[in-house]
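Participant: Let me begin by handing over the structure; questions about it come next.
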Amino acid sequence: MNAKVIDGNKIADAIKQEIKSELEKIKEKPVLVAVQVGENPASKVYIKNQKSSCEDIGIEYNLVQLDNSITEDALIAEIQKINRDEKVTGLILQMPLPAHINSRKVQMAISSQKDVEGVSPANLGKLLYSDVKPPVAPCTALSVMECIKSTGENIRGKEAVIVGHSEIVGKPVTLMLLSSLLESATPTVCHIATKNLASHTKRAEILIVAVGKAGLIKGNMIKEGAIVIDVGINRIQMKDEKGEPVIDEKTGKPKMKTVGDVVYEEAVNIAGYITPVPGGVGAVTTVMLLKNLLGLYKIQIGN
Ligand code: NAP
């Protein structure tokens with residue numbers, strides 16, 4: 001079998017257009033505020049991408065840059081100030097925070113009305129209701145659902161196996177798959193303590209992998225024709241035909257590439273559908289943040 005490749009960029013573009021046309025009807029543009037503590041090179045890249053995605057479609061993006069030495073209480077006070085600011089539609093807290101700050105405590109200080117990442121207890125809690133569509137939800141989990149939806153396959157009653165049970169991917173995806181709004185699948189959740197992972201993944205008609213371990217899911221662990229959603233993002237060394245690292249002539253260092261958790265070259269011959277890495281789930285995740293922002297905006301204006 002040759003899997004159909006799920007094109008994350010195409011899905012993202014279509015959603016972006018929907019958001020853009022909704023925004024064109026709005027007089028006052030939504031405002032997204034990002035809070036960053038200290039200088040983290042990885043989150044700098046995220047911030048740059050978030051800013052350009054927002055500005056592309058007419059969302060105002062403001063960065064609040066705070067010093068690395070800020071205390072936990074002072075950071076919570078900043079968050080509360082943004083919570084109260086009526087001009088702000090949504091707030092995103094860039095991770096990681098410095099070690100002296102309890103990230104969970106700060107995250108929980110974000111008002112559910114401004115929680116653009118969908119991670120506040122109130123918003124996560126709404127995922128448990130089958131008859132309520134939460135206005136916001138964790139962006140990566142939403143992206144996984146969009147990728148599945150793009151196949152046009154009915155998920156009702158399908159065997160779904162989720163590998164990884166983090167609170168931003170595995171757990172919310174499991175609840176979304178169970179929701180009657182999205183037509184219930186039959187999910188199994190695997191994690192580090194799961195015995196014989198392959199025995200589960202092999203019966204999955206929908207396989208979602210969100211672990212962060214390159215090469216974890218090999219071709220012989222996948223059911224013929226399955227929908228394979230690879231969430232993992234891993235940087236690994238490029239190898240030549242002999243298995244030796246490929247060296248970058250300019251830097252003298254091994255060349256690196258980004259891969260998922262699934263061995264793509266094997267899986268693509270077995271699966272029915274597959275998301276590539278890069279260009280799959282990750283491409284859709286950022287637009288889901290914008291969709292969440294629009295959801296919050298509509299609530300705030302009483303729509
Ligand atoms: P995480 O919080 O570290 O969670 C990883 C999960 O994998 C945990 O539930 C862990 O179980 C489980 N796990 C670890 N080893 C395992 C194994 N050998 N077999 C089965 N399960 C195992 O990670 P995350 O934030 O969910 O991210 C997962 C991956 O997705 C990372 O590569 C990350 O970079 C990527 N990601 C991508 C996007 C995107 O937009 N594409 C967004 C977010 C994250 P235990 O907790 O029991 O140890």
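Chain identifiers are assigned as A, B, and so on, following the order in which chains appear in the structure tokens; residues are numbered from 1 within each chain, and ligands are numbered from 1 in order of appearance.
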Please tabulate, as CSV, the residues of chain A that come within 8 Å of ligand 1, each with its closest pair of atoms and the distance in Å to one decimal, counting only C-alpha atoms and all ligand atoms and ordering rows by chain, then residue number upward.
Facilitator:
residue,atom,partner,partner_atom_place_in_ligand_line,distance
A:Cys139,CA,ligand 1,40 (O),7.6
A:Thr140,CA,ligand 1,40 (O),5.0
A:Ser143,CA,ligand 1,40 (O),7.4
A:Val163,CA,ligand 1,21 (N),5.3
A:Gly164,CA,ligand 1,7 (O),3.6
A:His165,CA,ligand 1,9 (O),3.7
A:Ser166,CA,ligand 1,9 (O),4.4
A:Glu167,CA,ligand 1,26 (O),6.9
A:Ile168,CA,ligand 1,26 (O),5.9
A:Val169,CA,ligand 1,26 (O),5.1
A:Gly170,CA,ligand 1,26 (O),6.4
A:Cys190,CA,ligand 1,20 (C),5.6
A:His191,CA,ligand 1,21 (N),3.4
A:Ile192,CA,ligand 1,22 (C),4.0
A:Ala193,CA,ligand 1,47 (O),6.1
A:Thr194,CA,ligand 1,20 (C),6.5
A:Leu197,CA,ligand 1,19 (N),6.8
A:Val209,CA,ligand 1,29 (C),7.8
A:Ala210,CA,ligand 1,28 (C),4.2
A:Val211,CA,ligand 1,7 (O),3.6
A:Gly212,CA,ligand 1,32 (O),3.1
A:Lys213,CA,ligand 1,32 (O),6.6
A:Leu216,CA,ligand 1,18 (N),7.0
A:Asp230,CA,ligand 1,41 (N),7.8
A:Val231,CA,ligand 1,41 (N),4.6
A:Gly232,CA,ligand 1,32 (O),3.6
A:Ile233,CA,ligand 1,32 (O),4.0
A:Asn234,CA,ligand 1,32 (O),5.6
A:Gly260,CA,ligand 1,32 (O),7.0
A:Asp261,CA,ligand 1,32 (O),7.2
A:Gly280,CA,ligand 1,41 (N),7.3
A:Val281,CA,ligand 1,41 (N),4.7
A:Gly282,CA,ligand 1,41 (N),3.4
A:Ala283,CA,ligand 1,40 (O),6.9
A:Val284,CA,ligand 1,40 (O),7.1
A:Thr285,CA,ligand 1,40 (O),4.8
A:Thr286,CA,ligand 1,40 (O),7.4
Participant: Store the residues picked out above, limited to N, CA and C atoms, as a CSV table (one decimal), in the first residue's frame.
Facilitator:
chain,number,residue,atom,x,y,z
A,139,CYS,N,-3.8,23.2,21.4
A,139,CYS,CA,-3.7,23.3,19.9
A,139,CYS,C,-3.2,22.1,19.2
A,140,THR,N,-2.3,21.4,19.8
A,140,THR,CA,-1.7,20.2,19.1
A,140,THR,C,-2.8,19.1,19.0
A,143,SER,N,-5.1,20.0,16.3
A,143,SER,CA,-4.4,19.8,15.0
A,143,SER,C,-4.5,18.3,14.6
A,163,VAL,N,-0.3,6.8,21.5
A,163,VAL,CA,0.9,6.5,22.2
A,163,VAL,C,1.5,7.8,22.7
A,164,GLY,N,1.5,7.9,24.1
A,164,GLY,CA,1.9,9.1,24.8
A,164,GLY,C,0.7,9.7,25.4
A,165,HIS,N,0.7,10.0,26.7
A,165,HIS,CA,-0.4,10.5,27.4
A,165,HIS,C,-0.2,11.9,28.1
A,166,SER,N,0.5,12.8,27.3
A,166,SER,CA,0.8,14.1,27.9
A,166,SER,C,-0.5,14.9,28.0
A,167,GLU,N,-0.5,16.0,28.8
A,167,GLU,CA,-1.7,16.7,29.0
A,167,GLU,C,-2.0,17.7,27.8
A,168,ILE,N,-1.0,17.9,26.9
A,168,ILE,CA,-1.3,18.8,25.7
A,168,ILE,C,-1.6,18.0,24.5
A,169,VAL,N,-1.3,16.7,24.5
A,169,VAL,CA,-1.5,15.9,23.3
A,169,VAL,C,-2.4,14.6,23.6
A,170,GLY,N,-1.7,13.6,24.2
A,170,GLY,CA,-2.4,12.3,24.3
A,170,GLY,C,-3.7,12.3,25.1
A,190,CYS,N,-1.5,4.3,25.3
A,190,CYS,CA,-0.3,3.6,25.7
A,190,CYS,C,0.7,4.7,26.2
A,191,HIS,N,1.6,4.2,27.1
A,191,HIS,CA,2.6,5.1,27.7
A,191,HIS,C,3.8,4.3,28.1
A,192,ILE,N,4.7,4.9,28.8
A,192,ILE,CA,6.0,4.3,29.2
A,192,ILE,C,5.8,2.9,29.8
A,193,ALA,N,4.7,2.7,30.6
A,193,ALA,CA,4.6,1.5,31.3
A,193,ALA,C,3.8,0.4,30.5
A,194,THR,N,3.4,0.8,29.3
A,194,THR,CA,2.7,-0.2,28.5
A,194,THR,C,3.5,-1.4,28.1
A,197,LEU,N,4.1,-2.8,23.3
A,197,LEU,CA,3.5,-1.6,22.6
A,197,LEU,C,2.9,-2.1,21.2
A,209,VAL,N,0.8,9.1,17.5
A,209,VAL,CA,2.0,8.9,18.2
A,209,VAL,C,2.6,10.3,18.7
A,210,ALA,N,2.7,10.5,20.0
A,210,ALA,CA,3.2,11.7,20.5
A,210,ALA,C,4.1,11.4,21.7
A,211,VAL,N,5.3,11.1,21.4
A,211,VAL,CA,6.2,10.6,22.4
A,211,VAL,C,7.5,11.5,22.4
A,212,GLY,N,8.1,11.7,21.3
A,212,GLY,CA,9.4,12.4,21.2
A,212,GLY,C,10.6,11.4,21.2
A,213,LYS,N,10.4,10.3,20.5
A,213,LYS,CA,11.5,9.3,20.4
A,213,LYS,C,11.5,8.8,18.9
A,216,LEU,N,10.5,5.1,17.1
A,216,LEU,CA,9.8,4.3,18.1
A,216,LEU,C,8.8,3.4,17.4
A,230,ASP,N,1.6,11.3,13.1
A,230,ASP,CA,2.9,11.4,13.8
A,230,ASP,C,3.1,12.8,14.4
A,231,VAL,N,3.0,12.9,15.7
A,231,VAL,CA,3.1,14.3,16.4
A,231,VAL,C,4.5,14.6,16.7
A,232,GLY,N,5.3,13.6,16.9
A,232,GLY,CA,6.7,13.7,17.4
A,232,GLY,C,7.6,14.7,16.5
A,233,ILE,N,8.4,15.4,17.2
A,233,ILE,CA,9.4,16.2,16.5
A,233,ILE,C,10.8,15.9,17.1
A,234,ASN,N,11.7,15.4,16.3
A,234,ASN,CA,13.0,15.0,16.9
A,234,ASN,C,14.1,15.4,15.9
A,260,GLY,N,9.8,12.5,12.8
A,260,GLY,CA,8.8,12.2,13.8
A,260,GLY,C,9.2,11.0,14.7
A,261,ASP,N,8.2,10.4,15.3
A,261,ASP,CA,8.4,9.2,16.1
A,261,ASP,C,8.2,7.9,15.3
A,280,GLY,N,3.3,18.2,8.7
A,280,GLY,CA,2.1,17.5,9.0
A,280,GLY,C,1.4,18.2,10.2
A,281,VAL,N,1.3,17.5,11.3
A,281,VAL,CA,0.7,18.1,12.5
A,281,VAL,C,1.2,19.5,12.9
A,282,GLY,N,2.5,19.6,12.9
A,282,GLY,CA,3.1,20.9,13.3
A,282,GLY,C,2.6,22.1,12.5
A,283,ALA,N,2.4,21.8,11.2
A,283,ALA,CA,2.0,23.0,10.4
A,283,ALA,C,0.6,23.5,10.7
A,284,VAL,N,-0.2,22.6,11.3
A,284,VAL,CA,-1.6,22.9,11.6
A,284,VAL,C,-1.7,23.5,13.0
A,285,THR,N,-0.7,23.2,13.9
A,285,THR,CA,-0.8,23.6,15.3
A,285,THR,C,-0.9,25.1,15.5
A,286,THR,N,-0.1,25.8,14.8
A,286,THR,CA,-0.1,27.3,15.0
A,286,THR,C,-1.4,27.9,14.6
Participant: Please build the interface table for segment 128-236 of chain A against segment 5-26 of chain A with a cut-off of 10 Å, listing for each qualifying residue the nearest atom pair and the distance in Å to one decimal; count only C-alpha atoms, order rows by chain and increasing number, and write it as JSON lines.
Facilitator:
{"residue": "A:Ser143", "atom": "CA", "partner": "A:Gly8", "partner_atom": "CA", "distance": 8.9}
{"residue": "A:Val144", "atom": "CA", "partner": "A:Gly8", "partner_atom": "CA", "distance": 9.9}
{"residue": "A:Glu146", "atom": "CA", "partner": "A:Ile11", "partner_atom": "CA", "distance": 7.7}
{"residue": "A:Cys147", "atom": "CA", "partner": "A:Ile6", "partner_atom": "CA", "distance": 6.8}
{"residue": "A:Ile148", "atom": "CA", "partner": "A:Ile6", "partner_atom": "CA", "distance": 8.6}
{"residue": "A:Lys149", "atom": "CA", "partner": "A:Ile11", "partner_atom": "CA", "distance": 10.0}
{"residue": "A:Ser150", "atom": "CA", "partner": "A:Ile11", "partner_atom": "CA", "distance": 7.5}
{"residue": "A:Thr151", "atom": "CA", "partner": "A:Ile6", "partner_atom": "CA", "distance": 7.5}
{"residue": "A:Ile227", "atom": "CA", "partner": "A:Ile6", "partner_atom": "CA", "distance": 9.5}
{"residue": "A:Val228", "atom": "CA", "partner": "A:Ile6", "partner_atom": "CA", "distance": 9.4}
{"residue": "A:Ile229", "atom": "CA", "partner": "A:Ile6", "partner_atom": "CA", "distance": 8.8}
Participant: Selection from above, N, CA and C atoms, as a PDB file, in the first residue's frame, can you write it?
Facilitator:
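Once written, again.pdb looks like this:
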ATOM      1  N   SER A 143      -5.051  20.029  16.306  1.00  0.00           N
ATOM      2  CA  SER A 143      -4.377  19.805  15.028  1.00  0.00           C
ATOM      3  C   SER A 143      -4.460  18.331  14.621  1.00  0.00           C
ATOM      4  N   VAL A 144      -4.260  17.435  15.586  1.00  0.00           N
ATOM      5  CA  VAL A 144      -4.386  15.982  15.321  1.00  0.00           C
ATOM      6  C   VAL A 144      -5.779  15.683  14.785  1.00  0.00           C
ATOM      7  N   GLU A 146      -7.854  17.700  13.274  1.00  0.00           N
ATOM      8  CA  GLU A 146      -8.018  18.263  11.919  1.00  0.00           C
ATOM      9  C   GLU A 146      -7.358  17.350  10.883  1.00  0.00           C
ATOM     10  N   CYS A 147      -6.200  16.806  11.233  1.00  0.00           N
ATOM     11  CA  CYS A 147      -5.494  15.907  10.296  1.00  0.00           C
ATOM     12  C   CYS A 147      -6.334  14.654  10.042  1.00  0.00           C
ATOM     13  N   ILE A 148      -6.945  14.119  11.101  1.00  0.00           N
ATOM     14  CA  ILE A 148      -7.799  12.925  10.932  1.00  0.00           C
ATOM     15  C   ILE A 148      -9.007  13.295  10.067  1.00  0.00           C
ATOM     16  N   LYS A 149      -9.619  14.435  10.411  1.00  0.00           N
ATOM     17  CA  LYS A 149     -10.818  14.880   9.687  1.00  0.00           C
ATOM     18  C   LYS A 149     -10.536  15.047   8.187  1.00  0.00           C
ATOM     19  N   SER A 150      -9.323  15.497   7.862  1.00  0.00           N
ATOM     20  CA  SER A 150      -8.983  15.765   6.454  1.00  0.00           C
ATOM     21  C   SER A 150      -9.007  14.505   5.596  1.00  0.00           C
ATOM     22  N   THR A 151      -8.938  13.326   6.231  1.00  0.00           N
ATOM     23  CA  THR A 151      -8.953  12.075   5.446  1.00  0.00           C
ATOM     24  C   THR A 151     -10.367  11.785   4.932  1.00  0.00           C
ATOM     25  N   ILE A 227      -4.747   5.045   9.604  1.00  0.00           N
ATOM     26  CA  ILE A 227      -4.465   6.489   9.561  1.00  0.00           C
ATOM     27  C   ILE A 227      -3.363   6.717  10.594  1.00  0.00           C
ATOM     28  N   VAL A 228      -2.198   7.170  10.163  1.00  0.00           N
ATOM     29  CA  VAL A 228      -1.069   7.345  11.086  1.00  0.00           C
ATOM     30  C   VAL A 228      -0.783   8.846  11.266  1.00  0.00           C
ATOM     31  N   ILE A 229      -0.930   9.306  12.501  1.00  0.00           N
ATOM     32  CA  ILE A 229      -0.707  10.721  12.815  1.00  0.00           C
ATOM     33  C   ILE A 229       0.539  10.801  13.702  1.00  0.00           C
TER      34      ILE A 229
END
Participant: Which neighbours of Met108 of chain A fall inside 12 Å, counting only C-alpha atoms, when residues of the same chain fewer than 2 positions from it are skipped, and could you give them as a ChimeraX atom specification?
Facilitator: /A:76,79-80,83,93,102-106,110-112,114-115,117-124
Participant: Got a sec to tell me which of segment 13-261 of chain A DSSP assigns to alpha helix (DSSP H), as number ranges by chain?
Facilitator: A: 13-24, 41-56, 72-84, 103-107, 121-126, 139-149, 170-178, 197-201
Participant: At what distance in Å, to one decimal, does atom CA of Arg235 of chain A lie from atom CA of Ile162 of chain A?
Facilitator: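 Taking atom CA of Ile162 of chain A as the start and atom CA of Arg235 of chain A as the end point, the length is 22.0 Å.
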Participant: For segment 171-186 of chain A, work out the shell of residues within 9 Å, counting only C-alpha atoms and skipping chain neighbours fewer than 5 positions away, then give it as number ranges by chain.
Facilitator: A: 124, 127-133, 137-138, 140-142, 144-145, 154-162, 164-166, 206, 208
Participant: Mind dumping the selected residues with C-alpha atoms as a PDB file, in the first residue's frame?
Facilitator:
ATOM      1  CA  LEU A 124      -9.642  21.296  29.843  1.00  0.00           C
ATOM      2  CA  LEU A 127     -13.493  18.353  27.143  1.00  0.00           C
ATOM      3  CA  LEU A 128     -15.230  15.858  29.442  1.00  0.00           C
ATOM      4  CA  TYR A 129     -18.682  16.987  28.360  1.00  0.00           C
ATOM      5  CA  SER A 130     -19.991  15.262  25.255  1.00  0.00           C
ATOM      6  CA  ASP A 131     -22.600  17.936  24.569  1.00  0.00           C
ATOM      7  CA  VAL A 132     -20.412  21.039  24.986  1.00  0.00           C
ATOM      8  CA  LYS A 133     -17.934  22.191  22.349  1.00  0.00           C
ATOM      9  CA  ALA A 137      -8.590  23.306  23.548  1.00  0.00           C
ATOM     10  CA  PRO A 138      -4.900  22.347  23.411  1.00  0.00           C
ATOM     11  CA  THR A 140      -1.722  20.190  19.107  1.00  0.00           C
ATOM     12  CA  ALA A 141      -4.657  17.947  20.028  1.00  0.00           C
ATOM     13  CA  LEU A 142      -6.930  20.074  17.819  1.00  0.00           C
ATOM     14  CA  VAL A 144      -4.386  15.982  15.321  1.00  0.00           C
ATOM     15  CA  MET A 145      -8.181  15.999  14.999  1.00  0.00           C
ATOM     16  CA  ASN A 154     -15.630   8.157   9.505  1.00  0.00           C
ATOM     17  CA  ILE A 155     -14.003   7.615  12.906  1.00  0.00           C
ATOM     18  CA  ARG A 156     -17.096   6.218  14.643  1.00  0.00           C
ATOM     19  CA  GLY A 157     -16.264   2.968  16.436  1.00  0.00           C
ATOM     20  CA  LYS A 158     -12.754   2.787  14.941  1.00  0.00           C
ATOM     21  CA  GLU A 159      -9.912   1.312  17.014  1.00  0.00           C
ATOM     22  CA  ALA A 160      -7.746   4.326  17.910  1.00  0.00           C
ATOM     23  CA  VAL A 161      -4.416   3.872  19.672  1.00  0.00           C
ATOM     24  CA  ILE A 162      -2.717   6.890  21.201  1.00  0.00           C
ATOM     25  CA  GLY A 164       1.905   9.094  24.783  1.00  0.00           C
ATOM     26  CA  HIS A 165      -0.444  10.534  27.412  1.00  0.00           C
ATOM     27  CA  SER A 166       0.768  14.097  27.905  1.00  0.00           C
ATOM     28  CA  ILE A 206      -6.110   5.267  13.771  1.00  0.00           C
ATOM     29  CA  ILE A 208      -1.553   8.719  16.994  1.00  0.00           C
TER      30      ILE A 208
END
